[in-house]
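> Okay, so here is input.tsv, and as you'll see once you scroll down, it has TSV, C-alpha atoms.
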```
chain	number	residue	atom	x	y	z
N	1001	MET	CA	60.01	134.18	95.99
N	1002	PRO	CA	62.81	136.12	97.75
N	1003	PRO	CA	62.05	139.61	99.04
N	1004	THR	CA	62.53	142.41	96.55
N	1005	VAL	CA	64.37	145.69	96.93
N	1006	GLY	CA	62.11	148.22	98.63
N	1007	ALA	CA	59.94	145.64	100.39
N	1008	ALA	CA	59.29	146.32	104.07
N	1009	PRO	CA	61.66	144.24	106.23
N	1010	ALA	CA	60.16	141.59	108.50
N	1011	ALA	CA	60.06	142.38	112.22
N	1012	VAL	CA	62.32	139.39	112.88
N	1013	LEU	CA	64.91	138.11	110.40
N	1014	ARG	CA	66.11	134.55	111.00
N	1015	PHE	CA	69.63	133.75	109.83
N	1016	VAL	CA	71.06	130.24	110.04
N	1017	VAL	CA	74.55	129.05	109.09
N	1018	LEU	CA	75.50	125.56	107.93
N	1019	GLY	CA	78.99	124.36	107.10
N	1020	ASP	CA	82.44	123.71	108.49
N	1021	SER	CA	85.24	125.60	110.22
N	1022	LEU	CA	85.11	128.56	107.83
N	1023	SER	CA	81.54	129.31	108.86
N	1024	GLU	CA	82.10	128.31	112.49
N	1025	GLY	CA	84.53	131.24	112.62
N	1026	VAL	CA	87.89	129.52	113.02
N	1027	GLY	CA	90.64	132.12	112.72
N	1028	ASP	CA	88.66	134.92	114.40
N	1029	ARG	CA	88.86	134.33	118.15
N	1030	VAL	CA	87.18	136.79	120.52
N	1031	ASP	CA	87.07	136.29	124.29
N	1032	GLY	CA	88.21	132.69	123.95
N	1033	ALA	CA	85.60	131.66	121.37
N	1034	TRP	CA	85.29	131.70	117.59
N	1035	ARG	CA	83.26	134.58	116.19
N	1036	GLY	CA	83.73	134.67	112.40
N	1037	TRP	CA	82.16	136.27	109.37
N	1038	ALA	CA	78.63	134.99	109.97
N	1039	ALA	CA	78.33	136.57	113.41
N	1040	LEU	CA	79.77	139.81	112.05
N	1041	LEU	CA	77.28	139.76	109.20
N	1042	ALA	CA	74.37	139.02	111.55
N	1043	GLU	CA	75.13	142.22	113.47
N	1044	GLY	CA	74.58	144.27	110.31
N	1045	LEU	CA	71.41	142.67	108.97
N	1046	ALA	CA	68.73	144.36	111.09
N	1047	GLY	CA	67.27	147.74	110.33
N	1048	PRO	CA	65.26	150.01	112.65
N	1049	ALA	CA	62.52	148.17	114.58
N	1050	GLN	CA	63.88	144.85	113.37
N	1051	ASP	CA	65.51	141.97	115.25
N	1052	VAL	CA	67.79	139.20	114.04
N	1053	GLU	CA	67.66	135.64	115.32
N	1054	PHE	CA	71.04	134.09	114.53
N	1055	ARG	CA	71.92	130.42	114.77
N	1056	ASN	CA	75.30	129.01	113.74
N	1057	LEU	CA	75.21	125.24	113.23
N	1058	ALA	CA	78.59	125.00	111.46
N	1059	VAL	CA	81.11	122.59	112.97
N	1060	SER	CA	84.83	122.35	112.29
N	1061	GLY	CA	85.67	119.37	110.07
N	1062	ALA	CA	82.11	118.91	108.83
N	1063	GLN	CA	81.65	117.27	105.44
N	1064	SER	CA	78.60	117.36	103.21
N	1065	GLN	CA	77.16	114.27	104.87
N	1066	GLU	CA	77.18	115.90	108.31
N	1067	VAL	CA	75.66	119.06	106.87
N	1068	ALA	CA	72.89	117.14	105.11
N	1069	GLU	CA	72.07	114.69	107.89
N	1070	GLN	CA	72.74	116.66	111.07
N	1071	GLN	CA	72.72	120.39	110.39
N	1072	ALA	CA	70.08	120.70	107.67
N	1073	PRO	CA	67.11	119.24	109.60
N	1074	GLU	CA	67.71	121.69	112.47
N	1075	ALA	CA	68.16	124.54	110.03
N	1076	VAL	CA	64.90	123.77	108.20
N	1077	ALA	CA	63.02	123.56	111.52
N	1078	PHE	CA	64.34	127.04	112.37
N	1079	ARG	CA	62.43	128.39	109.32
N	1080	PRO	CA	65.17	130.87	108.33
N	1081	ASP	CA	64.86	133.87	106.07
N	1082	LEU	CA	68.56	133.61	105.23
N	1083	ALA	CA	70.58	130.39	105.19
N	1084	SER	CA	74.29	130.12	104.47
N	1085	VAL	CA	75.45	126.80	103.01
N	1086	VAL	CA	79.22	126.67	102.47
N	1087	VAL	CA	80.66	123.15	102.45
N	1088	GLY	CA	82.89	120.90	100.37
N	1089	VAL	CA	86.53	121.57	101.25
N	1090	ASN	CA	86.64	118.80	103.84
N	1091	ASP	CA	85.10	116.41	101.32
N	1092	THR	CA	87.99	117.05	98.93
N	1093	LEU	CA	90.49	116.02	101.61
N	1094	ARG	CA	89.05	112.55	102.20
N	1095	HIS	CA	89.39	109.25	100.37
N	1096	THR	CA	85.58	109.11	100.29
N	1097	PHE	CA	85.36	112.14	97.98
N	1098	ASP	CA	82.58	111.64	95.44
N	1099	ILE	CA	81.32	114.61	93.44
N	1100	ALA	CA	78.03	112.80	92.68
N	1101	ARG	CA	77.21	112.27	96.35
N	1102	LEU	CA	78.21	115.85	97.11
N	1103	ALA	CA	75.94	117.12	94.33
N	1104	HIS	CA	72.98	115.14	95.65
N	1105	ARG	CA	73.47	116.30	99.24
N	1106	LEU	CA	74.03	119.96	98.39
N	1107	ASP	CA	71.05	120.10	96.04
N	1108	ARG	CA	68.80	118.41	98.64
N	1109	VAL	CA	69.86	120.79	101.44
N	1110	CYS	CA	69.31	123.85	99.26
N	1111	ALA	CA	65.97	122.58	97.98
N	1112	ASP	CA	64.68	121.97	101.51
N	1113	LEU	CA	65.80	125.39	102.75
N	1114	THR	CA	64.40	127.36	99.82
N	1115	ALA	CA	61.14	125.42	100.00
N	1116	GLY	CA	60.69	127.00	103.42
N	1117	GLY	CA	61.28	130.48	101.99
N	1118	ALA	CA	64.97	130.94	102.78
N	1119	VAL	CA	67.33	132.95	100.61
N	1120	LEU	CA	70.64	131.09	100.29
N	1121	LEU	CA	74.17	132.37	100.77
N	1122	THR	CA	76.87	130.35	99.02
N	1123	ALA	CA	80.56	130.73	98.20
N	1124	CYS	CA	83.19	129.10	96.01
N	1125	LEU	CA	86.49	128.55	97.81
N	1126	PRO	CA	90.21	128.30	97.02
N	1127	ASP	CA	91.74	124.85	96.97
N	1128	PRO	CA	93.74	123.97	100.10
N	1129	GLY	CA	96.77	122.80	98.11
N	1130	ARG	CA	97.33	126.28	96.74
N	1131	MET	CA	96.77	127.92	100.10
N	1132	LEU	CA	99.28	125.61	101.80
N	1133	GLY	CA	101.82	125.92	98.99
N	1134	LEU	CA	101.99	122.15	98.47
N	1135	PRO	CA	104.25	120.72	95.73
N	1136	ALA	CA	102.60	120.14	92.37
N	1137	PRO	CA	101.96	116.38	92.71
N	1138	LEU	CA	99.95	117.10	95.84
N	1139	ALA	CA	98.47	120.44	94.81
N	1140	ARG	CA	97.12	119.40	91.39
N	1141	PRO	CA	94.72	116.66	92.54
N	1142	LEU	CA	93.37	118.86	95.35
N	1143	ALA	CA	92.91	121.74	92.91
N	1144	ARG	CA	91.09	119.43	90.49
N	1145	ARG	CA	88.68	118.38	93.21
N	1146	GLN	CA	88.05	121.89	94.49
N	1147	LYS	CA	87.41	123.18	90.96
N	1148	ALA	CA	84.76	120.49	90.56
N	1149	VAL	CA	83.19	121.48	93.87
N	1150	ASN	CA	83.18	125.15	92.86
N	1151	ALA	CA	81.54	124.31	89.53
N	1152	LEU	CA	78.87	122.39	91.40
N	1153	VAL	CA	78.33	125.28	93.82
N	1154	HIS	CA	77.91	127.68	90.90
N	1155	ALA	CA	75.29	125.43	89.32
N	1156	VAL	CA	73.36	125.01	92.57
N	1157	SER	CA	73.60	128.74	93.29
N	1158	ASP	CA	72.12	129.54	89.88
N	1159	ARG	CA	69.30	127.05	90.37
N	1160	TYR	CA	68.20	128.51	93.70
N	1161	GLY	CA	69.00	132.18	93.12
N	1162	ALA	CA	71.59	132.24	95.89
N	1163	VAL	CA	73.58	135.25	97.02
N	1164	HIS	CA	76.94	133.95	95.85
N	1165	LEU	CA	80.41	135.09	96.84
N	1166	HIS	CA	83.57	134.37	94.83
N	1167	LEU	CA	86.38	133.52	97.23
N	1168	ALA	CA	88.53	131.51	94.84
N	1169	ASP	CA	89.94	134.40	92.84
N	1170	ALA	CA	93.55	135.56	93.15
N	1171	GLN	CA	92.55	138.91	94.68
N	1172	TRP	CA	91.28	137.00	97.68
N	1173	THR	CA	93.79	134.15	97.91
N	1174	ASP	CA	96.95	136.19	97.32
N	1175	ASP	CA	96.30	138.75	100.06
N	1176	ARG	CA	98.08	137.13	102.99
N	1177	SER	CA	96.80	139.78	105.41
N	1178	LEU	CA	93.37	138.13	105.15
N	1179	TRP	CA	94.56	134.74	106.36
N	1180	SER	CA	95.43	133.24	109.72
N	1181	ALA	CA	98.65	131.44	110.60
N	1182	ASP	CA	97.38	128.07	109.36
N	1183	ARG	CA	96.86	129.43	105.80
N	1184	LEU	CA	93.56	127.53	105.61
N	1185	HIS	CA	91.25	129.85	107.55
N	1186	PRO	CA	90.76	133.61	107.34
N	1187	GLY	CA	92.03	135.74	110.18
N	1188	GLU	CA	89.90	138.50	111.65
N	1189	ARG	CA	90.55	140.76	108.65
N	1190	GLY	CA	89.52	137.95	106.29
N	1191	HIS	CA	86.34	137.15	108.20
N	1192	ARG	CA	85.46	140.83	108.17
N	1193	ALA	CA	86.05	140.99	104.43
N	1194	ILE	CA	83.70	138.04	103.84
N	1195	ALA	CA	81.04	139.60	106.08
N	1196	ALA	CA	81.32	142.98	104.33
N	1197	ARG	CA	81.10	141.43	100.86
N	1198	PHE	CA	78.05	139.36	101.77
N	1199	HIS	CA	76.46	142.44	103.36
N	1200	ALA	CA	76.89	144.46	100.17
N	1201	LEU	CA	75.31	141.71	98.06
N	1202	LEU	CA	72.41	141.32	100.49
N	1203	ALA	CA	71.85	145.08	100.70
N	1204	ALA	CA	71.63	145.24	96.91
N	1205	ARG	CA	68.77	142.75	97.11
N	1206	GLY	CA	67.04	144.55	99.95
N	1207	LEU	CA	67.94	141.88	102.48
N	1208	ALA	CA	70.39	143.76	104.73
N	1209	HIS	CA	69.20	146.94	106.45
N	1210	GLY	CA	71.82	147.58	109.11
N	1211	THR	CA	75.33	149.00	109.22
N	1212	PRO	CA	77.92	147.06	107.19
N	1213	PRO	CA	80.63	145.32	109.23
N	1214	SER	CA	83.79	147.35	109.61
N	1215	PRO	CA	86.71	145.99	107.55
N	1216	GLU	CA	89.21	147.02	110.22
N	1217	PRO	CA	90.24	144.42	112.82
N	1218	GLU	CA	89.59	145.06	116.48
N	1219	GLN	CA	92.22	142.59	117.66
N	1220	PRO	CA	95.96	143.01	117.02
N	1221	PRO	CA	97.31	140.57	114.41
N	1222	PRO	CA	99.16	137.56	115.83
N	1223	THR	CA	102.88	138.03	116.23
N	1224	ARG	CA	105.34	135.75	114.47
N	1225	ALA	CA	105.99	134.00	117.79
N	1226	GLU	CA	102.26	133.42	118.29
N	1227	ALA	CA	101.94	132.05	114.76
N	1228	VAL	CA	104.85	129.66	115.29
N	1229	LEU	CA	103.35	128.56	118.60
N	1230	TRP	CA	100.00	127.88	116.95
N	1231	LEU	CA	101.60	125.81	114.21
N	1232	ALA	CA	103.60	123.85	116.78
N	1233	THR	CA	100.56	123.09	118.94
N	1234	ALA	CA	97.14	123.29	117.31
N	1235	GLY	CA	98.57	122.94	113.80
N	1236	THR	CA	100.56	119.83	114.69
N	1237	GLY	CA	97.50	118.41	116.42
N	1238	TRP	CA	95.43	118.92	113.29
N	1239	VAL	CA	98.01	117.06	111.19
N	1240	ALA	CA	98.16	114.23	113.71
N	1241	ARG	CA	94.38	113.83	113.70
N	1242	ARG	CA	94.35	113.66	109.92
N	1243	CYS	CA	97.30	111.29	109.45
N	1244	HIS	CA	95.02	108.23	109.49
N	1245	ASP	CA	93.01	109.57	106.54
N	1246	LEU	CA	94.42	112.70	104.96
N	1247	LEU	CA	98.09	111.74	104.70
N	1248	PRO	CA	97.52	108.33	103.03
N	1249	GLN	CA	95.00	109.97	100.71
N	1250	LEU	CA	97.44	112.72	99.73
N	1251	LEU	CA	100.19	110.18	99.08
N	1252	HIS	CA	97.84	108.09	96.95
N	1253	LEU	CA	96.78	111.13	94.93
N	1254	ALA	CA	100.37	112.27	94.49
N	1255	GLY	CA	101.44	108.80	93.34
N	1256	SER	CA	98.71	108.70	90.72
N	1257	GLU	CA	99.59	112.22	89.59
N	1258	LEU	CA	103.27	111.33	89.19
N	1259	ARG	CA	102.53	108.12	87.28
N	1260	HIS	CA	100.34	109.95	84.79
N	1261	TRP	CA	102.85	112.80	84.50
N	1262	ALA	CA	105.67	110.34	83.79
N	1263	GLY	CA	103.54	108.57	81.18
N	1264	GLY	CA	102.39	111.78	79.52
N	1265	THR	CA	98.76	111.01	80.35
N	1266	GLY	CA	98.06	113.74	82.89
N	1267	ALA	CA	95.24	115.14	80.75
N	1268	ARG	CA	93.30	111.96	81.42
N	1269	LEU	CA	92.90	112.92	85.05
N	1270	ASP	CA	91.40	116.27	84.06
N	1271	ARG	CA	89.00	114.63	81.62
N	1272	ARG	CA	88.01	112.02	84.19
N	1273	ALA	CA	87.18	114.78	86.68
N	1274	GLU	CA	85.18	116.70	84.06
N	1275	HIS	CA	83.18	113.62	83.13
N	1276	ALA	CA	82.46	112.86	86.79
N	1277	LEU	CA	81.27	116.43	87.30
N	1278	SER	CA	79.03	116.34	84.23
N	1279	ALA	CA	77.49	113.05	85.37
N	1280	ALA	CA	76.94	114.42	88.87
N	1281	LEU	CA	75.20	117.54	87.57
N	1282	ALA	CA	73.06	115.50	85.20
N	1283	ALA	CA	72.01	113.18	88.01
N	1284	VAL	CA	70.42	116.09	89.89
N	1285	SER	CA	69.20	117.81	86.71
N	1286	LEU	CA	71.70	120.64	86.93
N	1287	ASP	CA	73.49	122.14	83.98
N	1288	ALA	CA	76.87	123.84	84.20
N	1289	PRO	CA	79.46	124.19	81.43
N	1290	VAL	CA	82.61	122.13	81.93
N	1291	ALA	CA	84.46	125.42	81.42
N	1292	THR	CA	83.63	126.30	85.02
N	1293	MET	CA	86.13	123.61	86.03
N	1294	GLY	CA	88.77	126.16	85.12
N	1295	GLU	CA	87.68	128.59	87.84
```
How does this structure look as structure tokens?

Amino acid sequence: MPPTVGAAPAAVLRFVVLGDSLSEGVGDRVDGAWRGWAALLAEGLAGPAQDVEFRNLAVSGAQSQEVAEQQAPEAVAFRPDLASVVVGVNDTLRHTFDIARLAHRLDRVCADLTAGGAVLLTACLPDPGRMLGLPAPLARPLARRQKAVNALVHAVSDRYGAVHLHLADAQWTDDRSLWSADRLHPGERGHRAIAARFHALLAARGLAHGTPPSPEPEQPPPTRAEAVLWLATAGTGWVARRCHDLLPQLLHLAGSELRHWAGGTGARLDRRAEHALSAALAAVSLDAPVATMGE
């Protein structure tokens, strides 16, 4: 059972982070390295006479398979009190996307961590098509996939009593000051906002005893020239690395979307995604209303 409000905090609180670039800290660079929301949150977890052992296993580009097979065993061996598991966006961008496999992996990771006594941190995320402002034939299939992932995350979060953060709502996605130049990762202000929101939820459950992270950035925001330079260098490199997988997949999804739109059968794609989600949840004995696909 998770600790209750008012319970004496442990002398050492172990916090481990699993996931991809969001949890690695991409978008919040300090002294030449990524910091990110998890490190900011870790600084505010400990109370008086308490220490925090923090381990960030998240790796940029990680999919659910890497999290389940590579990060999770190390995380379980760490015997954490808190474990953040935020993954799925990279799965939606690959031709191998399968909501059933994602459901199995996510449920297994969360089961193993909670069996060791960890309290989970989870989050639902905005779809990358919306964040990048892609045209509808590209944005719709990515949104459909991310909605399915978010519905799955909600179901798993409910099962394991996770501390869950909603990051897919318009209040979060429409505030451009929270995002970095690539429009896919939070900037420093965004990472601080995530850390502060998680801290408030943890404090309400008696799991955070230190000072909340400040919402105000310490670093100046990137200039327009710096943003353009990033897009022309690192951003172009990211596109080039993904052209062998992401670009063909996007074109395939867009082609299917356009064919169904032209034939007036677009609703079939939504129903197909809903059925796949329902089957995936049933396969791991989870129950979530199809209505959550709309979130």
> As an exercise, work out the distance from CA of Lys1147 (chain N) to CA of Ala1282 (chain N) in Å and give it to one decimal place.
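Computing the Euclidean distance for CA of Lys1147 (chain N) and CA of Ala1282 (chain N) yields 17.3 Å.
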> What lies within 7 Å of region 1167-1176 of chain N using all atoms listed in the file, ignoring chain neighbours under 4 positions off, as a short mmCIF file (atom, residue, chain, number, x, y, z; two decimals) with C-alpha atoms, keeping the file's coordinate frame?

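Done, and the output landed in selection.cif:
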```
data_model
loop_
_atom_site.label_atom_id
_atom_site.label_comp_id
_atom_site.auth_asym_id
_atom_site.auth_seq_id
_atom_site.Cartn_x
_atom_site.Cartn_y
_atom_site.Cartn_z
CA ALA N 1123 80.56 130.73 98.20
CA CYS N 1124 83.19 129.10 96.01
CA LEU N 1125 86.49 128.55 97.81
CA PRO N 1126 90.21 128.30 97.02
#
```
> Quick one: of N:Asp1081, N:Asp1020, N:Asp1158, N:Asp1127, who's nearest to Arg1144 (chain N), counting only C-alpha atoms?
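Between N:Asp1081, N:Asp1020, N:Asp1158, N:Asp1127, the residue approaching Arg1144 (chain N) most closely is N:Asp1127.
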> Within 10 Å of Thr1114 (chain N), counting all atoms listed in the file, which residues qualify if same-chain residues fewer than 2 places away don't, as a JSON list (two decimals) with C-alpha atoms, in the frame of the given file?

```
[["chain", "number", "residue", "atom", "x", "y", "z"],
["N", 1001, "MET", "CA", 60.01, 134.18, 95.99],
["N", 1002, "PRO", "CA", 62.81, 136.12, 97.75],
["N", 1076, "VAL", "CA", 64.90, 123.77, 108.20],
["N", 1079, "ARG", "CA", 62.43, 128.39, 109.32],
["N", 1080, "PRO", "CA", 65.17, 130.87, 108.33],
["N", 1081, "ASP", "CA", 64.86, 133.87, 106.07],
["N", 1082, "LEU", "CA", 68.56, 133.61, 105.23],
["N", 1083, "ALA", "CA", 70.58, 130.39, 105.19],
["N", 1109, "VAL", "CA", 69.86, 120.79, 101.44],
["N", 1110, "CYS", "CA", 69.31, 123.85, 99.26],
["N", 1111, "ALA", "CA", 65.97, 122.58, 97.98],
["N", 1112, "ASP", "CA", 64.68, 121.97, 101.51],
["N", 1116, "GLY", "CA", 60.69, 127.00, 103.42],
["N", 1117, "GLY", "CA", 61.28, 130.48, 101.99],
["N", 1118, "ALA", "CA", 64.97, 130.94, 102.78],
["N", 1119, "VAL", "CA", 67.33, 132.95, 100.61],
["N", 1120, "LEU", "CA", 70.64, 131.09, 100.29],
["N", 1160, "TYR", "CA", 68.20, 128.51, 93.70],
["N", 1161, "GLY", "CA", 69.00, 132.18, 93.12],
["N", 1162, "ALA", "CA", 71.59, 132.24, 95.89]]
```
> Give me, as a PyMOL selection string, all polymer residues having an atom no more than 9 Å from Gly1019 (chain N), counting all atoms listed in the file and skipping those fewer than 4 positions away in the same chain.
chain N and resi 1023-1024+1056-1064+1066-1067+1071+1084-1088
> Ranking N:Leu1253, N:Ala1046, N:Ala1267, N:Ala1195 by minimum distance to Phe1097 (chain N) and counting all atoms listed in the file, which one comes first?
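Among the listed residues, N:Leu1253 lies closest to Phe1097 (chain N).
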> Using all atoms listed in the file, find the one residue out of N:His1260, N:Arg1101, N:His1154, N:Arg1029 that sits nearest to Gly1187 (chain N).
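Using all atoms listed in the file, the shortest distance to Gly1187 (chain N) belongs to N:Arg1029.
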> Taking all atoms listed in the file into account, which of N:Val1163, N:Ala1181, N:Leu1142, N:Leu1207 comes nearest Arg1094 (chain N)?
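Smallest separation from Arg1094 (chain N) among the options: N:Leu1142.
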> Between CA of His1104 (chain N) and CA of Val1284 (chain N), measure the distance and give it in Å to one decimal.
6.4 Å
> Considering only C-alpha atoms, return as a ChimeraX atom specification whatever protein or nucleic-acid residues lie within 12 Å of Pro1135 (chain N), sequence-local ones (same chain, fewer than 6 positions apart) excluded.
/N:1128-1129,1141-1143,1250-1251,1254,1257-1258
> Please save C-alpha atoms of the selected residues as a PDB file, in the frame of the given file.

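For reference, selection-v5.pdb as written:
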```
ATOM      1  CA  PRO N1128      93.740 123.970 100.100  1.00  0.00           C
ATOM      2  CA  GLY N1129      96.770 122.800  98.110  1.00  0.00           C
ATOM      3  CA  PRO N1141      94.720 116.660  92.540  1.00  0.00           C
ATOM      4  CA  LEU N1142      93.370 118.860  95.350  1.00  0.00           C
ATOM      5  CA  ALA N1143      92.910 121.740  92.910  1.00  0.00           C
ATOM      6  CA  LEU N1250      97.440 112.720  99.730  1.00  0.00           C
ATOM      7  CA  LEU N1251     100.190 110.180  99.080  1.00  0.00           C
ATOM      8  CA  ALA N1254     100.370 112.270  94.490  1.00  0.00           C
ATOM      9  CA  GLU N1257      99.590 112.220  89.590  1.00  0.00           C
ATOM     10  CA  LEU N1258     103.270 111.330  89.190  1.00  0.00           C
TER      11      LEU N1258
END
```
> For CA of Leu1184 (chain N) and CA of Ala1225 (chain N), determine how far apart the two atoms are, in Å to one decimal place.
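Taking CA of Leu1184 (chain N) and CA of Ala1225 (chain N), their separation equals 18.6 Å.
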> With all atoms listed in the file as the atoms that count, which of N:Leu1165, N:Leu1178, N:Ala1280, N:Leu1102 lies nearest to Arg1197 (chain N)?
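Smallest separation from Arg1197 (chain N) among the options: N:Leu1165.
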> So which residues fall inside 7 Å of (77.0, 133.7, 109.2) if we count all atoms listed in the file? Mind giving them as a list in words?
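Output: Val1016, Val1017, Ser1023, Trp1037, Ala1038, Ala1039, Leu1041, Ala1042, Asn1056 and Ser1084 of chain N.
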